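Next up, structure-v8.cif (mmCIF, C-alpha atoms):
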```
data_query
#
loop_
_atom_site.label_atom_id
_atom_site.label_comp_id
_atom_site.auth_asym_id
_atom_site.auth_seq_id
_atom_site.Cartn_x
_atom_site.Cartn_y
_atom_site.Cartn_z
CA MET X 1 98.57 104.66 84.96
CA VAL X 2 95.11 106.23 84.77
CA GLU X 3 93.76 104.15 87.69
CA LYS X 4 95.90 104.05 90.84
CA GLY X 5 93.56 102.05 93.06
CA ARG X 6 94.06 98.39 94.01
CA ILE X 7 91.47 95.79 95.01
CA SER X 8 91.67 92.25 96.36
CA ASN X 9 90.78 89.11 94.40
CA ILE X 10 87.75 88.65 96.64
CA GLN X 11 86.53 92.15 95.84
CA ALA X 12 86.94 91.48 92.09
CA ALA X 13 84.95 88.25 92.38
CA MET X 14 82.25 90.03 94.38
CA LEU X 15 81.92 92.70 91.68
CA ALA X 16 81.37 89.99 89.08
CA ILE X 17 78.85 88.16 91.28
CA THR X 18 76.74 91.26 91.93
CA ALA X 19 76.77 92.46 88.32
CA LEU X 20 75.91 89.03 86.89
CA THR X 21 73.34 88.03 89.50
CA ILE X 22 71.15 91.10 89.11
CA ILE X 23 71.07 90.94 85.32
CA GLY X 24 70.29 87.23 85.66
CA HIS X 25 67.17 88.09 87.68
CA LEU X 26 66.04 90.85 85.33
CA ILE X 27 66.89 89.37 81.92
CA LEU X 28 68.09 85.80 81.96
CA LEU X 29 65.25 84.24 83.94
CA THR X 30 62.67 85.26 81.37
CA LEU X 31 64.88 84.20 78.49
CA VAL X 32 65.86 80.79 79.86
CA LEU X 33 62.34 79.99 81.10
CA ASP X 34 61.01 80.76 77.64
CA GLN X 35 63.61 78.48 76.03
CA SER X 36 64.05 75.64 78.52
CA ARG X 37 60.89 75.77 80.69
CA GLN X 38 61.24 73.33 83.62
CA ASP X 39 64.82 72.44 82.54
CA GLY X 40 66.05 75.98 83.13
CA TRP X 41 68.13 74.88 86.12
CA LEU X 42 69.84 72.27 83.93
CA ALA X 43 70.55 74.90 81.28
CA GLY X 44 72.07 77.04 84.04
CA ILE X 45 74.54 74.32 85.00
CA PHE X 46 75.62 73.47 81.45
CA GLY X 47 75.78 77.15 80.45
CA SER X 48 77.97 77.95 83.47
CA LEU X 49 80.41 75.23 82.46
CA LEU X 50 80.56 76.59 78.91
CA SER X 51 81.14 80.10 80.22
CA LEU X 52 84.40 79.01 81.82
CA ILE X 53 85.93 79.15 78.32
CA GLY X 54 85.62 82.92 78.22
CA ILE X 55 86.45 83.44 81.91
CA ILE X 56 89.67 81.40 81.70
CA ALA X 57 90.67 83.03 78.39
CA LEU X 58 90.19 86.54 79.81
CA SER X 59 92.06 85.69 83.03
CA LYS X 60 94.97 84.12 81.14
CA LEU X 61 95.10 87.07 78.74
CA SER X 62 95.34 89.45 81.71
CA GLN X 63 98.11 87.33 83.22
CA ARG X 64 99.94 87.30 79.89
CA PHE X 65 99.99 91.12 79.85
CA PRO X 66 100.21 92.12 83.55
CA GLY X 67 99.25 95.63 84.55
CA LEU X 68 97.29 96.32 81.36
CA THR X 69 93.54 96.60 80.96
CA LEU X 70 91.75 94.83 78.13
CA ILE X 71 91.71 98.05 76.07
CA GLU X 72 95.44 98.64 76.64
CA ILE X 73 96.24 95.05 75.67
CA LEU X 74 94.33 95.36 72.41
CA PHE X 75 95.77 98.76 71.50
CA GLN X 76 99.38 97.96 72.41
CA HIS X 77 99.82 94.35 71.32
CA TYR X 78 97.39 93.55 68.50
CA SER X 79 98.16 96.09 65.78
CA TRP X 80 95.30 97.79 63.92
CA ILE X 81 92.93 94.85 64.48
CA GLY X 82 93.31 95.27 68.22
CA LYS X 83 92.59 98.98 67.98
CA ILE X 84 89.36 98.36 66.05
CA ILE X 85 88.22 95.65 68.49
CA GLY X 86 89.17 97.90 71.40
CA ILE X 87 86.80 100.59 70.13
CA VAL X 88 84.14 97.90 69.62
CA TYR X 89 84.57 96.92 73.30
CA LEU X 90 84.01 100.51 74.37
CA ILE X 91 80.78 100.55 72.35
CA TYR X 92 79.84 97.26 74.03
CA PHE X 93 80.47 98.71 77.51
CA TYR X 94 78.31 101.66 76.52
CA ILE X 95 75.45 99.42 75.36
CA MET X 96 75.58 97.36 78.57
CA ALA X 97 75.57 100.51 80.72
CA VAL X 98 72.63 101.89 78.73
CA LEU X 99 70.80 98.57 79.10
CA GLY X 100 71.31 98.59 82.87
CA VAL X 101 70.00 102.15 83.21
CA ARG X 102 66.96 101.39 81.06
CA LEU X 103 66.20 98.22 83.05
CA PHE X 104 66.41 100.28 86.24
CA GLY X 105 63.80 102.65 84.85
CA GLU X 106 61.55 99.83 83.63
CA ALA X 107 61.73 98.04 86.99
CA TYR X 108 60.69 101.17 88.88
CA LYS X 109 57.90 102.01 86.46
CA ILE X 110 56.21 98.77 87.57
CA ILE X 111 55.44 100.36 90.94
CA MET X 112 55.46 104.08 89.94
CA SER X 113 53.89 104.04 86.52
CA GLU X 114 53.01 107.76 86.54
CA THR X 115 56.62 108.87 87.01
CA PRO X 116 58.42 109.68 83.74
CA LEU X 117 61.27 107.43 82.65
CA TRP X 118 63.81 110.27 82.54
CA ALA X 119 63.40 110.82 86.30
CA PHE X 120 64.58 107.27 87.10
CA VAL X 121 67.38 107.58 84.54
CA ALA X 122 68.59 110.83 86.11
CA ILE X 123 68.55 109.40 89.64
CA ILE X 124 70.59 106.29 88.88
CA LEU X 125 73.08 108.18 86.72
CA LEU X 126 73.72 110.81 89.39
CA LEU X 127 74.40 108.03 91.88
CA THR X 128 76.60 105.88 89.63
CA ALA X 129 78.51 108.86 88.21
CA PHE X 130 79.50 109.83 91.76
CA ILE X 131 80.66 106.26 92.49
CA VAL X 132 82.67 106.04 89.26
CA TYR X 133 84.24 109.45 89.89
CA LEU X 134 85.51 108.27 93.29
CA GLY X 135 87.29 105.32 91.66
CA LEU X 136 87.62 101.54 91.62
CA GLU X 137 88.44 101.12 95.30
CA THR X 138 85.29 102.97 96.31
CA LEU X 139 83.18 100.83 93.96
CA ALA X 140 84.75 97.61 95.24
CA ARG X 141 84.38 98.54 98.92
CA LEU X 142 80.79 99.67 98.47
CA ASN X 143 79.97 96.37 96.79
CA GLN X 144 81.80 94.47 99.52
CA ILE X 145 79.41 96.02 102.02
CA MET X 146 76.25 95.66 99.94
CA LEU X 147 76.66 92.12 98.54
CA PRO X 148 76.31 90.40 101.96
CA VAL X 149 73.14 92.47 102.49
CA LEU X 150 71.81 91.24 99.15
CA VAL X 151 72.68 87.65 100.06
CA ILE X 152 70.81 87.94 103.38
CA ILE X 153 67.81 89.40 101.53
CA ALA X 154 67.95 86.60 98.96
CA ILE X 155 68.11 83.89 101.64
CA THR X 156 65.17 85.54 103.45
CA VAL X 157 63.13 85.55 100.25
CA VAL X 158 63.97 81.89 99.57
CA LEU X 159 62.85 80.90 103.07
CA LEU X 160 59.65 82.94 102.82
CA THR X 161 58.76 81.46 99.45
CA PHE X 162 58.89 77.91 100.75
CA SER X 163 55.19 77.16 100.99
CA ASN X 164 52.64 74.50 100.34
CA ASP X 165 51.72 76.30 97.12
CA LYS X 166 55.00 75.28 95.51
CA ASP X 167 55.05 72.02 93.63
CA TYR X 168 58.54 70.96 92.63
CA ALA X 169 57.03 68.20 90.54
CA ASN X 170 56.64 71.01 87.98
CA LEU X 171 60.37 70.60 87.36
CA LEU X 172 59.70 67.15 85.93
CA PRO X 173 60.21 65.45 83.57
CA ILE X 174 63.88 66.26 83.13
CA MET X 175 64.53 66.98 79.45
CA GLY X 176 60.90 66.18 78.79
CA ASN X 177 61.03 68.43 75.71
CA GLY X 178 64.32 67.02 74.44
CA VAL X 179 67.90 68.28 74.35
CA ILE X 180 67.42 71.31 72.08
CA PRO X 181 65.57 73.52 74.64
CA VAL X 182 68.29 72.84 77.21
CA ALA X 183 70.98 73.61 74.62
CA LYS X 184 69.34 76.93 73.75
CA GLY X 185 69.05 77.86 77.42
CA SER X 186 72.69 76.87 77.99
CA LEU X 187 73.84 79.24 75.25
CA SER X 188 71.79 82.02 76.86
CA VAL X 189 73.47 81.38 80.20
CA MET X 190 76.84 81.30 78.45
CA GLY X 191 76.03 84.68 76.91
CA TRP X 192 74.98 86.00 80.32
CA PHE X 193 78.40 85.09 81.75
CA GLY X 194 79.94 86.86 78.78
CA GLU X 195 79.41 90.11 80.71
CA PHE X 196 82.36 88.93 82.83
CA VAL X 197 84.55 90.51 80.13
CA VAL X 198 84.09 93.94 81.75
CA LEU X 199 86.36 92.60 84.49
CA GLY X 200 89.13 92.94 81.91
CA MET X 201 89.15 96.61 82.90
CA VAL X 202 89.55 95.67 86.57
CA LEU X 203 91.83 92.61 86.68
CA PRO X 204 95.10 94.60 86.23
CA TYR X 205 94.43 96.28 89.55
CA VAL X 206 93.88 93.03 91.47
CA GLN X 207 96.46 92.41 94.17
CA ARG X 208 97.18 88.75 93.31
CA PRO X 209 97.02 88.32 89.51
CA GLU X 210 98.45 84.78 89.71
CA LYS X 211 95.12 83.66 91.19
CA LEU X 212 92.85 85.24 88.59
CA VAL X 213 91.67 81.91 87.14
CA LYS X 214 90.69 80.65 90.59
CA THR X 215 88.92 83.95 91.25
CA GLY X 216 86.93 83.50 88.03
CA PHE X 217 85.97 79.95 88.99
CA TYR X 218 84.69 81.05 92.38
CA ALA X 219 82.72 83.93 90.86
CA ALA X 220 81.07 81.62 88.29
CA ALA X 221 80.23 78.94 90.87
CA ILE X 222 78.66 81.34 93.37
CA THR X 223 76.73 83.17 90.62
CA LEU X 224 75.31 79.84 89.42
CA LEU X 225 74.26 79.05 92.99
CA PHE X 226 72.37 82.34 93.17
CA PHE X 227 70.66 81.51 89.87
CA ILE X 228 69.32 78.03 90.69
CA GLY X 229 66.78 79.19 93.31
CA PRO X 230 65.25 82.03 91.26
CA ILE X 231 64.83 79.83 88.19
CA THR X 232 63.26 76.88 90.00
CA GLY X 233 61.03 78.95 92.33
CA PRO X 234 58.69 80.53 89.73
CA VAL X 235 58.36 77.18 87.91
CA ALA X 236 57.43 75.38 91.13
CA LEU X 237 54.96 78.11 92.10
CA PHE X 238 53.31 79.03 88.79
CA GLY X 239 54.20 76.13 86.49
CA PRO X 240 56.66 76.26 83.53
CA ALA X 241 54.19 77.62 80.96
CA GLU X 242 52.92 80.47 83.16
CA ALA X 243 56.38 81.36 84.49
CA ALA X 244 57.70 81.64 80.93
CA LYS X 245 55.10 84.33 80.14
CA MET X 246 56.17 86.64 82.97
CA SER X 247 58.36 89.68 82.31
CA PHE X 248 59.90 89.54 85.80
CA PRO X 249 59.33 86.05 87.29
CA THR X 250 61.22 86.82 90.51
CA PHE X 251 59.12 89.90 91.16
CA SER X 252 55.92 87.90 90.62
CA GLU X 253 57.13 85.24 93.05
CA VAL X 254 58.09 87.74 95.74
CA ARG X 255 54.73 89.53 95.48
CA TYR X 256 53.08 86.20 96.23
CA ILE X 257 54.69 86.06 99.69
CA GLU X 258 52.58 86.61 102.79
CA ALA X 259 53.87 86.52 106.34
CA GLY X 260 51.01 86.84 108.76
CA GLU X 261 48.37 89.56 108.59
CA VAL X 262 50.73 92.53 108.84
CA LEU X 263 53.61 91.74 106.49
CA ASN X 264 52.08 90.87 103.15
CA ARG X 265 53.84 93.16 100.63
CA PHE X 266 57.36 91.93 99.95
CA ASP X 267 57.72 93.40 96.48
CA SER X 268 59.82 96.15 98.05
CA ILE X 269 62.44 93.47 98.76
CA ALA X 270 62.79 92.75 95.06
CA ILE X 271 62.99 96.47 94.27
CA LEU X 272 65.73 96.97 96.88
CA PHE X 273 67.62 93.98 95.47
CA TRP X 274 67.37 95.34 91.93
CA THR X 275 68.32 98.88 92.98
CA VAL X 276 71.55 97.91 94.72
CA GLY X 277 72.48 95.28 92.12
CA LEU X 278 71.86 97.55 89.14
CA MET X 279 73.73 100.38 90.81
CA ILE X 280 76.86 98.21 91.07
CA ARG X 281 76.45 96.76 87.57
CA ILE X 282 75.92 100.13 85.89
CA SER X 283 78.86 101.59 87.82
CA LEU X 284 81.11 98.74 86.67
CA PHE X 285 80.35 99.20 82.96
CA PHE X 286 80.33 103.00 83.38
CA TYR X 287 83.78 102.73 84.94
CA GLY X 288 85.08 100.44 82.18
CA LEU X 289 83.79 102.82 79.52
CA SER X 290 85.30 105.92 81.14
CA LEU X 291 88.64 104.29 81.94
CA GLY X 292 88.99 102.68 78.50
CA THR X 293 88.18 105.95 76.72
CA ALA X 294 90.77 107.82 78.81
CA GLN X 295 93.39 105.18 77.99
CA ILE X 296 92.69 105.41 74.26
CA LEU X 297 92.85 109.22 74.37
CA ARG X 298 95.96 109.01 76.59
CA ILE X 299 94.47 111.21 79.27
CA SER X 300 96.13 111.09 82.70
CA THR X 301 92.79 110.64 84.49
CA TYR X 302 89.35 109.43 83.42
CA GLN X 303 87.44 111.66 85.87
CA PRO X 304 86.81 114.55 83.41
CA LEU X 305 85.03 112.02 81.17
CA VAL X 306 82.53 110.87 83.81
CA VAL X 307 79.98 113.66 83.32
CA PRO X 308 79.91 113.59 79.48
CA MET X 309 79.82 109.78 79.49
CA GLY X 310 76.97 109.85 82.01
CA TRP X 311 75.06 112.25 79.77
CA LEU X 312 75.57 109.97 76.74
CA ILE X 313 74.45 106.92 78.73
CA GLY X 314 71.32 108.76 79.89
CA VAL X 315 70.35 109.83 76.38
CA GLY X 316 71.04 106.31 75.12
CA ALA X 317 68.89 104.76 77.86
CA ILE X 318 65.89 106.91 76.96
CA LEU X 319 66.27 106.35 73.21
CA PHE X 320 67.26 102.67 73.49
CA SER X 321 63.72 101.45 72.85
CA LYS X 322 60.23 102.91 72.48
CA ASN X 323 58.72 100.59 75.10
CA PHE X 324 59.37 97.47 77.16
CA THR X 325 58.22 95.20 74.31
CA GLU X 326 60.92 96.59 72.02
CA LEU X 327 63.46 96.22 74.83
CA THR X 328 62.44 92.58 75.29
CA GLU X 329 62.93 91.99 71.56
CA PHE X 330 66.54 93.16 71.90
CA LEU X 331 67.07 90.88 74.88
CA PHE X 332 65.67 87.83 73.09
CA LYS X 333 67.38 88.38 69.74
CA THR X 334 70.62 90.32 70.27
CA TYR X 335 71.74 90.14 73.90
CA VAL X 336 72.96 86.52 73.90
CA PRO X 337 74.89 86.43 70.59
CA LEU X 338 76.44 89.83 71.39
CA ASN X 339 77.68 88.64 74.77
CA ILE X 340 78.97 85.32 73.43
CA LEU X 341 80.97 87.20 70.81
CA MET X 342 82.37 89.85 73.17
CA GLY X 343 82.74 87.73 76.29
CA VAL X 344 83.76 84.32 74.95
CA VAL X 345 84.79 84.23 71.30
CA LEU X 346 87.01 87.34 71.14
CA PRO X 347 88.87 86.79 74.46
CA LEU X 348 89.55 83.19 73.41
CA LEU X 349 90.83 84.24 69.95
CA PHE X 350 93.11 86.94 71.37
CA PHE X 351 94.46 84.59 74.03
CA LEU X 352 95.24 81.91 71.41
CA TRP X 353 96.83 84.59 69.22
CA ALA X 354 99.05 85.65 72.13
CA MET X 355 100.09 82.04 72.71
CA VAL X 356 100.99 81.56 69.04
CA ILE X 357 103.11 84.73 69.03
CA ARG X 358 104.81 83.67 72.24
CA ARG X 359 105.61 80.22 70.83
CA LYS X 360 107.06 81.73 67.66
CA LYS X 361 109.33 83.99 69.74
CA ILE X 362 110.51 81.01 71.80
CA LEU X 363 111.29 79.02 68.63
CA VAL X 364 113.19 81.99 67.13
CA ASN X 365 115.25 82.42 70.30
CA VAL X 366 116.04 78.69 70.44
CA SER X 367 117.13 78.57 66.80
#
```
Would you mind writing the file's structure down as structure tokens?
Amino acid sequence: MVEKGRISNIQAAMLAITALTIIGHLILLTLVLDQSRQDGWLAGIFGSLLSLIGIIALSKLSQRFPGLTLIEILFQHYSWIGKIIGIVYLIYFYIMAVLGVRLFGEAYKIIMSETPLWAFVAIILLLTAFIVYLGLETLARLNQIMLPVLVIIAITVVLLTFSNDKDYANLLPIMGNGVIPVAKGSLSVMGWFGEFVVLGMVLPYVQRPEKLVKTGFYAAAITLLFFIGPITGPVALFGPAEAAKMSFPTFSEVRYIEAGEVLNRFDSIAILFWTVGLMIRISLFFYGLSLGTAQILRISTYQPLVVPMGWLIGVGAILFSKNFTELTEFLFKTYVPLNILMGVVLPLLFFLWAMVIRRKKILVNVS
């Protein structure tokens, strides 16, 4: 076994919550607000329910093949098709890690525009490479410490943004633009939750695999809870049309906060939130990529791969897009369908395939 560490179900759920929540703030808010406007919160609820298809399928697949990561399952039990899809998943993990690193750089360039992008890329990769090298237990324990801090920060921001300037009547009328905008936003949320598939590289090392489905439910429910406030706040403060135009609606909302005459710059709160969240998310996909590659190559440990993988992720992050506009184009056109395919459709198909094979074996044994 390449990975010898073990984590609890709670730690696995917390990893999913941190990784999903931060990308929801940086990507999904803009996307869903553009599609669903004031009904974004409704799209969040429906999309979360749809996402359970992929979460349950992945959890059941992991239970069906205990002790094996998603890559090992595909390579060992699904013939040549599984091997091809396994390589595709490694490419997917790479793209998601690259996306996280590039978003980290873009977020910091908002406040330090004169600093070159490669400097931010180098900083986050040095940090995440060290975390990944130390292993899954270190990543899980670090997140277990940091997530409560993020929650406290988020609650503080929510309380500080309650002001007379907010008008929650901006959330009305419900479905005022019809069903189609809500449906589009729901699919985007479903795609967002598709990133849960990276947990397929972690679930074999969870202490109580029989409770994986329940763990997935809890992770999805809490992540949705963390999404409702950020998607309703900018709409109530700026209006649906204006909020939809913003690249980072949460950042714009936080910058609006004033607390007395001394504390009137809270944008550092958003930056801290993004830094910690992206660090965990990048580390998770970085880890999945390194571990999966080592398993395919049948190497006894993934640690020698961390540095070369980090270098490839850094180069990819810099070359990923020419500017933020091009990056946004990827997010609006490719991100959602890619995640639905990798995080919902494929896990469901492979789980159903496993059930069909199992049923055939039972029928053969009976006869």
Original post:
Which residue out of X:Ser8, X:Ser51, X:Ser59, X:Ser290 has the minimum interatomic distance to Val213 of chain X when all atoms listed in the file are used?
Top reply: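 Closest to Val213 of chain X, using all atoms listed in the file: X:Ser59.
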Original post:
If you measure from atom CA of Val101 of chain X to atom CA of Ile282 of chain X, what distance in Å do you get, rounded to one decimal?
Top reply: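 Those two atoms sit 6.8 Å apart.
Going from atom CA of Gln11 of chain X over to atom CA of Gly135 of chain X, you cover 13.8 Å.
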**OP:** Go through the shown structure with the PyMOL selection byres ((chain X and resi 23) around 10) and write out the matching residues as a ChimeraX atom specification.
**Re:** /X:18-22,24-29,99-100,103,192,195,274,277-278,281
Original post:
If we count only C-alpha atoms, what is near Ile131 of chain X at a cut-off of 12 Å, once residues fewer than 2 positions away on the same chain are taken out, given as a VMD selection string?
Top reply: chain X and resid 124 to 129 133 to 143 279 to 287 303 306 to 307 310
**OP:** Carefully work through the PyMOL selection byres ((chain X and resi 349-360) around 12) for this structure and note down the residues it includes, as a VMD selection string.
**Re:** chain X and resid 53 to 65 70 73 to 74 77 to 79 81 to 82 85 to 86 341 to 348 361 to 367
Original post:
Can you tell me, as a list in words, what residues are no more than 9 Å from Gln144 of chain X when counting all atoms listed in the file, ignoring any on the same chain fewer than 6 positions away?
Top reply: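 In the requested format, the answer is Ile10, Gln11, Met14 and Leu15 of chain X.
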Subject >> Among the residues X:Phe46, X:Ile222, X:Gly105, X:Val336, the one that comes closest to Asn323 of chain X [using all atoms listed in the file] >> reply: X:Gly105
Excluding Tyr335 of chain X and residues on its chain fewer than 5 positions from it, collect all residues at most 9 Å away from it, counting all atoms listed in the file, and give them as an mmCIF file with C-alpha atoms, keeping the file's coordinate frame.
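The result, stored in result-v3.cif:
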```cif
data_model
loop_
_atom_site.group_PDB
_atom_site.id
_atom_site.type_symbol
_atom_site.label_atom_id
_atom_site.label_comp_id
_atom_site.auth_asym_id
_atom_site.auth_seq_id
_atom_site.Cartn_x
_atom_site.Cartn_y
_atom_site.Cartn_z
ATOM 1 C CA SER X 188 71.790 82.020 76.860
ATOM 2 C CA GLY X 191 76.030 84.680 76.910
ATOM 3 C CA TRP X 192 74.980 86.000 80.320
ATOM 4 C CA PHE X 330 66.540 93.160 71.900
ATOM 5 C CA ILE X 340 78.970 85.320 73.430
#
```
Original post:
atom CA of Val235 of chain X and atom CA of Asn170 of chain X are how many Å apart?
Top reply: 6.4 Å
**OP:** Find the residues around Pro173 of chain X up to 10 Å (only C-alpha atoms counted), leave out those fewer than 4 positions away in its own chain, and share them as number ranges by chain.
**Re:** X: 38-39, 169, 177
